[in-house]
Amino acid sequence: MPKNIDLRETVRDRYADAACSVDQGCCAPAYETNTSNFGRALYPHDDIITVPAGASDASLGCGNPTSVAELSAGETVLDLGSGAGIDVLLSAERVGPTGFAYGIDMTDEMLDLARRHADDAGATNVEFRKGYIEAIPLDEASVDVIISNCVINLAADKSLVFAEMHRVLRPGGRIGISDVVASDALNATERAERGNWVGCIAGALSFAEYEEGLKTAGFTGIEITVTHDVADGMHSATVRATKPN
């Protein structure tokens with residue numbers, strides 16, 4: 001596994017490049033894997049047309065976590081690795097004026113894009129903060145729902161991410177995540193052969209590792225469901241779990 005600081009800088013550079021490409025009117029750089037399995041192609045047309053074009057063009061996710069989380073009016077939502085803001089803006093629409101949506105990202109270029117997209121959308125119930133998903137800059141028990149779109153697999157220390165998710169959720173809160181998960185039959189070397197870390201492949205946990213990590217952090221009701229394949233033995237999946245009352 002790469003050293004945490006080296007991995008973080010590699011990921012930051014990758015997403016800064018993606019943000020700059022969109023800002024200059026280009027498409028975001030394609031993943032090393034099948035691009036039809038990532039990005040805006042995975043969102044329903046009705047979602048895409050409600051957000052600024054740049055927010056959807058810069059989407060590098062592997063699913064649609066706002067649908068996974070089944071958001072309701074009045075809820076407070078947190079998006080880990082919010083990028084150009086598509087999932088935060090969609091969340092803000094779903095929770096309405098009595099709700100709120102936070103986005104956390106470590107990349108200045110993506111944060112700049114996201115804030116401009118929020119202004120363009122006229123979204124007033126959103127806030128984008130700079131930070132790491134291993135040290136979320138929010139208070140304990142301050143959000144109802146956590147979403148994330150193909151970001152947790154990029155973290156070098158996922159146990160810290162799971163612990164932080166549990167910390168900031170209110171009792172009874174839930175997670176609704178899209179992520180890449182590896183077959184339990186693949187070892188770390190085999191995962192690495194299927195794609196690089198920043199392409200969301202080599203850093204993926206197995207199904208068993210993901211479930212155990214969430215259990216260790218204190219989550220219950222864990223459900224991991226495959227949505228589509230992204231490489232041999234590597235799958236996009238939805239992850240649901242709850243923080244007990």
# chains A, B, ... in the order shown; residues from 1 in each chain; ligands from 1

$ closest_atom_pairs --of "region 45-156 of chain A" --to "region 205-219 of chain A" --cutoff "12 Å" --atoms "only C-alpha atoms" --output "tab-separated table"
residue	atom	partner	partner_atom	distance
A:Cys150	CA	A:Leu205	CA	11.9
A:Val151	CA	A:Leu205	CA	12.0
A:Ile152	CA	A:Leu205	CA	9.4
A:Asn153	CA	A:Leu205	CA	6.9
A:Leu154	CA	A:Leu205	CA	10.0
A:Ala155	CA	A:Leu205	CA	10.4
A:Ala156	CA	A:Leu205	CA	10.7

$ select_by_dssp --residues "region 89-222 of chain A" --states "alpha helix (DSSP H)" --output "PyMOL selection string"
chain A and resi 89-95+108-121+158-168+188-193+207-217

$ residues_around --residues "region 145-148 of chain A" --least-positions-apart "6" --cutoff "6 Å" --atoms "only C-alpha atoms" --output "ChimeraX atom specification"
/A:65,77-80,173-177

$ write_last_selection --atoms "C-alpha atoms" --output "PDB file, in the first residue's frame"
ATOM      1  CA  PRO A  65     -25.768   7.752  -3.894  1.00  0.00           C
ATOM      2  CA  VAL A  77     -26.753  15.297   4.503  1.00  0.00           C
ATOM      3  CA  LEU A  78     -22.978  14.977   4.234  1.00  0.00           C
ATOM      4  CA  ASP A  79     -21.214  14.019   0.999  1.00  0.00           C
ATOM      5  CA  LEU A  80     -17.693  12.637   1.468  1.00  0.00           C
ATOM      6  CA  GLY A 173     -28.480   8.051  11.193  1.00  0.00           C
ATOM      7  CA  ARG A 174     -27.568   6.112   8.096  1.00  0.00           C
ATOM      8  CA  ILE A 175     -25.140   5.837   5.210  1.00  0.00           C
ATOM      9  CA  GLY A 176     -26.020   5.396   1.536  1.00  0.00           C
ATOM     10  CA  ILE A 177     -22.836   4.983  -0.458  1.00  0.00           C
TER      11      ILE A 177
END

$ closest_residue --among "A:Ser236, A:Ala92, A:Tyr43, A:Ala141" --to "Gly172 (chain A)" --atoms "only C-alpha atoms"
A:Ala141

$ select_by_dssp --residues "region 67-245 of chain A" --states "strand (DSSP E)" --output "NGL selection string"
:A and (76-80 or 100-105 or 126-130 or 143-149 or 169-182 or 220-231 or 234-242)

$ closest_residue --among "A:Gly203, A:Gly103, A:Pro97, A:Gly233" --to "Ala84 (chain A)" --atoms "only C-alpha atoms"
A:Gly103

$ closest_residue --among "A:Met165, A:Ala101, A:Ile133, A:Val68" --to "Thr227 (chain A)" --atoms "only C-alpha atoms"
A:Val68
